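Peer 1: See input-v7.cif below, with mmCIF, N, CA and C atoms.
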data_coords
loop_
_atom_site.group_PDB
_atom_site.id
_atom_site.type_symbol
_atom_site.label_atom_id
_atom_site.label_comp_id
_atom_site.auth_asym_id
_atom_site.auth_seq_id
_atom_site.Cartn_x
_atom_site.Cartn_y
_atom_site.Cartn_z
ATOM 1 N N MET A 11 35.075 92.604 152.780
ATOM 2 C CA MET A 11 34.741 93.012 154.139
ATOM 3 C C MET A 11 36.025 93.237 154.919
ATOM 4 N N ASP A 12 36.008 94.244 155.729
ATOM 5 C CA ASP A 12 37.122 94.595 156.592
ATOM 6 C C ASP A 12 37.473 93.398 157.487
ATOM 7 N N ASN A 13 38.770 93.107 157.622
ATOM 8 C CA ASN A 13 39.208 91.990 158.466
ATOM 9 C C ASN A 13 38.751 92.135 159.911
ATOM 10 N N ARG A 14 38.643 93.381 160.377
ATOM 11 C CA ARG A 14 38.191 93.589 161.759
ATOM 12 C C ARG A 14 36.738 93.177 161.918
ATOM 13 N N LEU A 15 35.912 93.435 160.901
ATOM 14 C CA LEU A 15 34.513 93.000 160.968
ATOM 15 C C LEU A 15 34.428 91.484 160.963
ATOM 16 N N GLN A 16 35.247 90.846 160.150
ATOM 17 C CA GLN A 16 35.260 89.381 160.125
ATOM 18 C C GLN A 16 35.672 88.827 161.485
ATOM 19 N N LEU A 17 36.662 89.445 162.107
ATOM 20 C CA LEU A 17 37.110 88.997 163.423
ATOM 21 C C LEU A 17 36.025 89.198 164.476
ATOM 22 N N ILE A 18 35.347 90.339 164.450
ATOM 23 C CA ILE A 18 34.238 90.591 165.384
ATOM 24 C C ILE A 18 33.158 89.526 165.200
ATOM 25 N N ASN A 19 32.802 89.229 163.949
ATOM 26 C CA ASN A 19 31.775 88.217 163.681
ATOM 27 C C ASN A 19 32.189 86.838 164.181
ATOM 28 N N GLN A 20 33.441 86.476 163.991
ATOM 29 C CA GLN A 20 33.914 85.172 164.468
ATOM 30 C C GLN A 20 33.886 85.105 165.993
ATOM 31 N N LEU A 21 34.328 86.166 166.658
ATOM 32 C CA LEU A 21 34.283 86.198 168.128
ATOM 33 C C LEU A 21 32.842 86.098 168.623
ATOM 34 N N PHE A 22 31.933 86.815 167.969
ATOM 35 C CA PHE A 22 30.527 86.791 168.345
ATOM 36 C C PHE A 22 29.962 85.377 168.189
ATOM 37 N N GLU A 23 30.311 84.713 167.083
ATOM 38 C CA GLU A 23 29.823 83.355 166.839
ATOM 39 C C GLU A 23 30.389 82.364 167.861
ATOM 40 N N ILE A 24 31.663 82.478 168.163
ATOM 41 C CA ILE A 24 32.277 81.596 169.170
ATOM 42 C C ILE A 24 31.626 81.825 170.530
ATOM 43 N N GLN A 25 31.404 83.087 170.881
ATOM 44 C CA GLN A 25 30.749 83.416 172.152
ATOM 45 C C GLN A 25 29.370 82.776 172.227
ATOM 46 N N GLY A 26 28.614 82.826 171.139
ATOM 47 C CA GLY A 26 27.282 82.225 171.101
ATOM 48 C C GLY A 26 27.325 80.718 171.244
ATOM 49 N N LYS A 27 28.280 80.076 170.581
ATOM 50 C CA LYS A 27 28.394 78.618 170.670
ATOM 51 C C LYS A 27 28.775 78.176 172.076
ATOM 52 N N ILE A 28 29.651 78.931 172.726
ATOM 53 C CA ILE A 28 30.031 78.612 174.099
ATOM 54 C C ILE A 28 28.831 78.785 175.033
ATOM 55 N N ALA A 29 28.040 79.821 174.805
ATOM 56 C CA ALA A 29 26.841 80.055 175.629
ATOM 57 C C ALA A 29 25.840 78.918 175.458
ATOM 58 N N GLU A 30 25.706 78.400 174.235
ATOM 59 C CA GLU A 30 24.765 77.304 173.980
ATOM 60 C C GLU A 30 25.109 76.041 174.763
ATOM 61 N N ILE A 31 26.403 75.799 174.996
ATOM 62 C CA ILE A 31 26.782 74.602 175.751
ATOM 63 C C ILE A 31 26.905 74.880 177.246
ATOM 64 N N GLY A 32 26.630 76.135 177.637
ATOM 65 C CA GLY A 32 26.548 76.463 179.059
ATOM 66 C C GLY A 32 27.849 76.804 179.742
ATOM 67 N N HIS A 33 28.849 77.222 179.009
ATOM 68 C CA HIS A 33 30.140 77.549 179.619
ATOM 69 C C HIS A 33 30.527 79.013 179.451
ATOM 70 N N SER A 34 29.569 79.868 179.155
ATOM 71 C CA SER A 34 29.891 81.257 178.834
ATOM 72 C C SER A 34 30.514 82.025 179.997
ATOM 73 N N SER A 35 30.126 81.733 181.218
ATOM 74 C CA SER A 35 30.665 82.484 182.357
ATOM 75 C C SER A 35 32.170 82.287 182.502
ATOM 76 N N SER A 36 32.685 81.149 182.076
ATOM 77 C CA SER A 36 34.115 80.877 182.161
ATOM 78 C C SER A 36 34.929 81.772 181.229
ATOM 79 N N PHE A 37 34.299 82.249 180.146
ATOM 80 C CA PHE A 37 35.013 83.021 179.135
ATOM 81 C C PHE A 37 34.555 84.476 179.045
ATOM 82 N N GLU A 38 33.593 84.857 179.857
ATOM 83 C CA GLU A 38 32.990 86.184 179.758
ATOM 84 C C GLU A 38 34.020 87.306 179.847
ATOM 85 N N ARG A 39 34.924 87.222 180.802
ATOM 86 C CA ARG A 39 35.947 88.263 180.973
ATOM 87 C C ARG A 39 36.825 88.364 179.726
ATOM 88 N N ASN A 40 37.190 87.215 179.151
ATOM 89 C CA ASN A 40 38.034 87.214 177.959
ATOM 90 C C ASN A 40 37.335 87.868 176.768
ATOM 91 N N PHE A 41 36.058 87.520 176.556
ATOM 92 C CA PHE A 41 35.305 88.119 175.460
ATOM 93 C C PHE A 41 35.118 89.617 175.684
ATOM 94 N N ASN A 42 34.843 90.017 176.914
ATOM 95 C CA ASN A 42 34.687 91.451 177.204
ATOM 96 C C ASN A 42 35.962 92.210 176.865
ATOM 97 N N ARG A 43 37.112 91.642 177.200
ATOM 98 C CA ARG A 43 38.388 92.295 176.891
ATOM 99 C C ARG A 43 38.600 92.405 175.385
ATOM 100 N N LEU A 44 38.295 91.336 174.654
ATOM 101 C CA LEU A 44 38.457 91.362 173.199
ATOM 102 C C LEU A 44 37.532 92.391 172.554
ATOM 103 N N PHE A 45 36.264 92.401 172.964
ATOM 104 C CA PHE A 45 35.333 93.363 172.390
ATOM 105 C C PHE A 45 35.702 94.800 172.782
ATOM 106 N N ASN A 46 36.289 94.992 173.965
ATOM 107 C CA ASN A 46 36.730 96.329 174.374
ATOM 108 C C ASN A 46 37.838 96.854 173.468
ATOM 109 N N ILE A 47 38.691 95.968 172.973
ATOM 110 C CA ILE A 47 39.744 96.386 172.040
ATOM 111 C C ILE A 47 39.117 97.024 170.800
ATOM 112 N N PHE A 48 38.061 96.397 170.282
ATOM 113 C CA PHE A 48 37.387 96.951 169.109
ATOM 114 C C PHE A 48 36.666 98.253 169.439
ATOM 115 N N GLU A 49 36.097 98.335 170.631
ATOM 116 C CA GLU A 49 35.413 99.555 171.032
ATOM 117 C C GLU A 49 36.403 100.717 171.153
ATOM 118 N N GLU A 50 37.635 100.424 171.589
ATOM 119 C CA GLU A 50 38.662 101.452 171.663
ATOM 120 C C GLU A 50 39.029 101.971 170.273
ATOM 121 N N GLU A 51 38.825 101.153 169.246
ATOM 122 C CA GLU A 51 39.078 101.564 167.865
ATOM 123 C C GLU A 51 37.857 102.222 167.224
ATOM 124 N N GLY A 52 36.806 102.454 168.011
ATOM 125 C CA GLY A 52 35.646 103.171 167.516
ATOM 126 C C GLY A 52 34.491 102.305 167.056
ATOM 127 N N PHE A 53 34.578 100.999 167.256
ATOM 128 C CA PHE A 53 33.481 100.123 166.865
ATOM 129 C C PHE A 53 32.469 100.007 167.997
ATOM 130 N N ILE A 54 31.203 99.976 167.633
ATOM 131 C CA ILE A 54 30.116 99.754 168.585
ATOM 132 C C ILE A 54 29.426 98.476 168.122
ATOM 133 N N ILE A 55 29.431 97.461 168.964
ATOM 134 C CA ILE A 55 28.893 96.147 168.620
ATOM 135 C C ILE A 55 27.611 95.946 169.415
ATOM 136 N N GLN A 56 26.490 95.727 168.694
ATOM 137 C CA GLN A 56 25.204 95.587 169.372
ATOM 138 C C GLN A 56 24.520 94.288 168.989
ATOM 139 N N ASP A 57 24.105 93.567 170.006
ATOM 140 C CA ASP A 57 23.321 92.341 169.823
ATOM 141 C C ASP A 57 21.863 92.704 170.092
ATOM 142 N N PRO A 58 21.010 92.703 169.062
ATOM 143 C CA PRO A 58 19.618 93.128 169.248
ATOM 144 C C PRO A 58 18.672 92.038 169.755
ATOM 145 N N ILE A 59 19.186 90.927 170.282
ATOM 146 C CA ILE A 59 18.336 89.821 170.725
ATOM 147 C C ILE A 59 17.304 90.318 171.738
ATOM 148 N N ASN A 60 16.103 89.774 171.629
ATOM 149 C CA ASN A 60 14.951 90.093 172.475
ATOM 150 C C ASN A 60 14.341 91.470 172.225
ATOM 151 N N GLU A 61 14.832 92.200 171.231
ATOM 152 C CA GLU A 61 14.240 93.485 170.886
ATOM 153 C C GLU A 61 13.075 93.272 169.922
ATOM 154 N N SER A 62 12.181 94.241 169.856
ATOM 155 C CA SER A 62 11.076 94.185 168.901
ATOM 156 C C SER A 62 11.624 94.320 167.493
ATOM 157 N N TYR A 63 10.910 93.719 166.549
ATOM 158 C CA TYR A 63 11.327 93.810 165.151
ATOM 159 C C TYR A 63 10.158 94.297 164.300
ATOM 160 N N ALA A 64 10.461 95.179 163.363
ATOM 161 C CA ALA A 64 9.499 95.646 162.368
ATOM 162 C C ALA A 64 10.239 95.728 161.041
ATOM 163 N N ASP A 65 9.508 95.594 159.941
ATOM 164 C CA ASP A 65 10.126 95.661 158.612
ATOM 165 C C ASP A 65 10.866 96.974 158.382
ATOM 166 N N SER A 66 10.459 98.011 159.067
ATOM 167 C CA SER A 66 11.076 99.323 158.897
ATOM 168 C C SER A 66 12.424 99.448 159.607
ATOM 169 N N ARG A 67 12.791 98.458 160.361
ATOM 170 C CA ARG A 67 14.050 98.501 161.094
ATOM 171 C C ARG A 67 15.217 98.439 160.117
ATOM 172 N N ALA A 68 16.075 99.449 160.129
ATOM 173 C CA ALA A 68 17.140 99.577 159.133
ATOM 174 C C ALA A 68 18.450 98.925 159.551
ATOM 175 N N ASP A 69 18.558 98.490 160.800
ATOM 176 C CA ASP A 69 19.831 97.947 161.274
ATOM 177 C C ASP A 69 19.870 96.423 161.286
ATOM 178 N N CYS A 70 18.842 95.768 160.723
ATOM 179 C CA CYS A 70 18.767 94.300 160.750
ATOM 180 C C CYS A 70 18.324 93.731 159.413
ATOM 181 N N GLU A 71 18.883 92.580 159.082
ATOM 182 C CA GLU A 71 18.381 91.740 157.997
ATOM 183 C C GLU A 71 17.786 90.527 158.689
ATOM 184 N N ALA A 72 16.490 90.303 158.498
ATOM 185 C CA ALA A 72 15.793 89.283 159.279
ATOM 186 C C ALA A 72 15.251 88.153 158.428
ATOM 187 N N SER A 73 15.274 86.971 159.021
ATOM 188 C CA SER A 73 14.557 85.820 158.501
ATOM 189 C C SER A 73 13.452 85.531 159.496
ATOM 190 N N ILE A 74 12.229 85.389 158.986
ATOM 191 C CA ILE A 74 11.081 85.172 159.857
ATOM 192 C C ILE A 74 10.874 83.679 160.057
ATOM 193 N N VAL A 75 10.800 83.268 161.324
ATOM 194 C CA VAL A 75 10.552 81.880 161.687
ATOM 195 C C VAL A 75 9.066 81.754 161.995
ATOM 196 N N GLY A 76 8.366 80.910 161.268
ATOM 197 C CA GLY A 76 6.931 80.743 161.485
ATOM 198 C C GLY A 76 6.138 81.798 160.745
ATOM 199 N N ALA A 77 4.968 82.099 161.282
ATOM 200 C CA ALA A 77 4.046 83.049 160.647
ATOM 201 C C ALA A 77 4.449 84.483 160.962
ATOM 202 N N SER A 78 4.277 85.356 159.977
ATOM 203 C CA SER A 78 4.549 86.771 160.162
ATOM 204 C C SER A 78 3.413 87.403 160.970
ATOM 205 N N SER A 79 3.731 88.457 161.700
ATOM 206 C CA SER A 79 2.751 89.117 162.549
ATOM 207 C C SER A 79 3.113 90.590 162.665
ATOM 208 N N SER A 80 2.212 91.385 163.173
ATOM 209 C CA SER A 80 2.520 92.801 163.401
ATOM 210 C C SER A 80 3.418 92.978 164.624
ATOM 211 N N LYS A 81 3.451 91.977 165.488
ATOM 212 C CA LYS A 81 4.312 92.028 166.673
ATOM 213 C C LYS A 81 5.330 90.895 166.578
ATOM 214 N N MET A 82 6.563 91.285 166.273
ATOM 215 C CA MET A 82 7.642 90.320 166.104
ATOM 216 C C MET A 82 8.770 90.650 167.081
ATOM 217 N N LYS A 83 9.544 89.605 167.440
ATOM 218 C CA LYS A 83 10.643 89.755 168.384
ATOM 219 C C LYS A 83 11.864 89.046 167.821
ATOM 220 N N ILE A 84 13.037 89.637 168.017
ATOM 221 C CA ILE A 84 14.289 89.021 167.592
ATOM 222 C C ILE A 84 14.628 87.923 168.596
ATOM 223 N N THR A 85 14.717 86.678 168.101
ATOM 224 C CA THR A 85 14.954 85.540 168.991
ATOM 225 C C THR A 85 16.370 84.970 168.886
ATOM 226 N N LYS A 86 17.082 85.305 167.813
ATOM 227 C CA LYS A 86 18.463 84.831 167.678
ATOM 228 C C LYS A 86 19.228 85.816 166.807
ATOM 229 N N THR A 87 20.456 86.101 167.207
ATOM 230 C CA THR A 87 21.321 86.980 166.429
ATOM 231 C C THR A 87 22.440 86.134 165.843
ATOM 232 N N LEU A 88 22.529 86.113 164.522
ATOM 233 C CA LEU A 88 23.591 85.367 163.846
ATOM 234 C C LEU A 88 24.842 86.233 163.670
ATOM 235 N N LYS A 89 24.623 87.519 163.394
ATOM 236 C CA LYS A 89 25.705 88.503 163.314
ATOM 237 C C LYS A 89 25.216 89.769 163.997
ATOM 238 N N PRO A 90 26.080 90.435 164.771
ATOM 239 C CA PRO A 90 25.652 91.654 165.463
ATOM 240 C C PRO A 90 25.610 92.851 164.519
ATOM 241 N N ALA A 91 24.894 93.885 164.936
ATOM 242 C CA ALA A 91 24.965 95.175 164.243
ATOM 243 C C ALA A 91 26.277 95.815 164.673
ATOM 244 N N ILE A 92 27.008 96.344 163.701
ATOM 245 C CA ILE A 92 28.288 96.980 164.008
ATOM 246 C C ILE A 92 28.278 98.396 163.452
ATOM 247 N N TYR A 93 28.582 99.332 164.337
ATOM 248 C CA TYR A 93 28.686 100.740 163.980
ATOM 249 C C TYR A 93 30.141 101.145 164.165
ATOM 250 N N GLN A 94 30.526 102.226 163.496
ATOM 251 C CA GLN A 94 31.876 102.740 163.687
ATOM 252 C C GLN A 94 31.822 104.254 163.833
ATOM 253 N N LYS A 95 32.536 104.743 164.854
ATOM 254 C CA LYS A 95 32.664 106.186 165.070
ATOM 255 C C LYS A 95 33.867 106.677 164.280
ATOM 256 N N GLN A 96 33.640 107.675 163.438
ATOM 257 C CA GLN A 96 34.736 108.305 162.700
ATOM 258 C C GLN A 96 34.430 109.782 162.558
ATOM 259 N N ASN A 97 35.389 110.603 162.920
ATOM 260 C CA ASN A 97 35.254 112.055 162.789
ATOM 261 C C ASN A 97 33.966 112.572 163.438
ATOM 262 N N GLY A 98 33.647 112.056 164.598
ATOM 263 C CA GLY A 98 32.472 112.499 165.323
ATOM 264 C C GLY A 98 31.149 111.966 164.796
ATOM 265 N N GLN A 99 31.182 111.140 163.772
ATOM 266 C CA GLN A 99 29.979 110.559 163.184
ATOM 267 C C GLN A 99 29.908 109.072 163.518
ATOM 268 N N ILE A 100 28.705 108.551 163.677
ATOM 269 C CA ILE A 100 28.508 107.117 163.880
ATOM 270 C C ILE A 100 27.814 106.571 162.648
ATOM 271 N N GLN A 101 28.446 105.556 162.045
ATOM 272 C CA GLN A 101 27.927 104.985 160.806
ATOM 273 C C GLN A 101 27.719 103.481 160.973
ATOM 274 N N LEU A 102 26.600 102.979 160.460
ATOM 275 C CA LEU A 102 26.341 101.550 160.452
ATOM 276 C C LEU A 102 27.227 100.915 159.389
ATOM 277 N N VAL A 103 28.100 99.976 159.796
ATOM 278 C CA VAL A 103 28.992 99.314 158.836
ATOM 279 C C VAL A 103 28.579 97.876 158.566
ATOM 280 N N GLN A 104 27.721 97.311 159.442
ATOM 281 C CA GLN A 104 27.182 95.970 159.217
ATOM 282 C C GLN A 104 25.817 95.856 159.874
ATOM 283 N N LYS A 105 24.840 95.444 159.089
ATOM 284 C CA LYS A 105 23.520 95.173 159.645
ATOM 285 C C LYS A 105 23.578 93.864 160.428
ATOM 286 N N ALA A 106 22.776 93.782 161.480
ATOM 287 C CA ALA A 106 22.652 92.532 162.223
ATOM 288 C C ALA A 106 21.891 91.535 161.353
ATOM 289 N N VAL A 107 22.265 90.278 161.443
ATOM 290 C CA VAL A 107 21.544 89.197 160.772
ATOM 291 C C VAL A 107 20.833 88.431 161.879
ATOM 292 N N VAL A 108 19.501 88.413 161.816
ATOM 293 C CA VAL A 108 18.711 87.906 162.930
ATOM 294 C C VAL A 108 17.586 86.969 162.482
ATOM 295 N N LEU A 109 17.096 86.200 163.448
ATOM 296 C CA LEU A 109 15.886 85.406 163.269
ATOM 297 C C LEU A 109 14.811 86.057 164.117
ATOM 298 N N VAL A 110 13.606 86.191 163.567
ATOM 299 C CA VAL A 110 12.507 86.815 164.303
ATOM 300 C C VAL A 110 11.301 85.866 164.342
ATOM 301 N N GLU A 111 10.526 85.985 165.416
ATOM 302 C CA GLU A 111 9.333 85.171 165.597
ATOM 303 C C GLU A 111 8.203 86.037 166.108
ATOM 304 N N LYS A 112 6.999 85.549 165.900
ATOM 305 C CA LYS A 112 5.801 86.215 166.401
ATOM 306 C C LYS A 112 5.816 86.174 167.920
ATOM 307 N N ILE A 113 5.415 87.271 168.526
ATOM 308 C CA ILE A 113 5.367 87.354 170.008
ATOM 309 C C ILE A 113 4.141 86.599 170.484
#
Please go through the file and, once you have read it, give me the structure as structure tokens.
Peer 2:
Amino acid sequence: MDNRLQLINQLFEIQGKIAEIGHSSSFERNFNRLFNIFEEEGFIIQDPINESYADSRADCEASIVGASSSKMKITKTLKPAIYQKQNGQIQLVQKAVVLVEKI
């Protein structure tokens, strides 16, 4: 895996852990600046939390929490979806790893 993807994943995980303990606002500006550096290099980082989930969704690898249903929602993102712009094209370089639950 590209070192930049590993770094994005680590930053995303640290950001999530800080949010869980309730101190995210103190670091929000710093994380925004770091993620902007990657965006300037053509990366698009997307957190699909709270979005609808279906098996046909190609940008996520999901683990289902509880019973499966026709209406599912992403409740936690372990790794974000990462796209990269190159030569005018946008390509998915990492699927999001998510937990989904019945709505």
Peer 1: Within stretch 33-99 of chain A, find each residue whose DSSP state, derived from the backbone, is strand (DSSP E), and express the selection as a PyMOL selection string.
Peer 2: chain A and resi 53-56+62-63+70-75+82-89+91-96+99
Peer 1: Separation of atom CA of A:Tyr93 and atom CA of A:Gly26, in Å?
Peer 2: 19.9 Å
Peer 1: Any chance you could resolve the PyMOL selection byres ((chain A and resi 104-106) around 8) against this file and give the residues as a PyMOL selection string?
Peer 2: chain A and resi 56-58+68-72+87-94+101-103+107-109
Peer 1: Hey, can you check how far atom N of A:Phe41 sits from atom CA of A:Gln25?
Peer 2: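 Atom CA of A:Gln25 lies 8.0 Å from atom N of A:Phe41.
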Peer 1: Once 6 Å is added on each side, what centre and edge lengths in Å to one decimal does the axis-aligned box around all listed atoms of stretch 26-30 of chain A have, as lines of an AutoDock Vina configuration file?
Peer 2:
center_x = 27.4
center_y = 79.4
center_z = 173.1
size_x = 17.3
size_y = 18.8
size_z = 17.0
Peer 1: If the PyMOL selection byres ((chain A and resi 110) around 6) were run on this exact file, what residues would it hold? Put them as a PyMOL selection string.
Peer 2: chain A and resi 72-75+83-86+108-109+111-112
Peer 1: Just asking: which residues within chain A are alpha helix (DSSP H) according to DSSP, as a VMD selection string?
Peer 2: chain A and resid 13 to 30 34 to 50
Peer 1: Between atom CA of A:Phe53 and atom C of A:Phe37, what is the distance in Å, rounded to a tenth?
Peer 2: 19.9 Å
Peer 1: Go through A:Ser36, A:Gln20, A:Ile113, A:Glu61 and flag the residue nearest A:Ser78, using only N, CA and C atoms for the distances.
Peer 2: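 Smallest distance to A:Ser78 is found for A:Ile113.
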Peer 1: Using only N, CA and C atoms, which of A:Lys81, A:Ser35, A:Ile24, A:Arg14 sits nearest A:Ser62?
Peer 2: A:Lys81
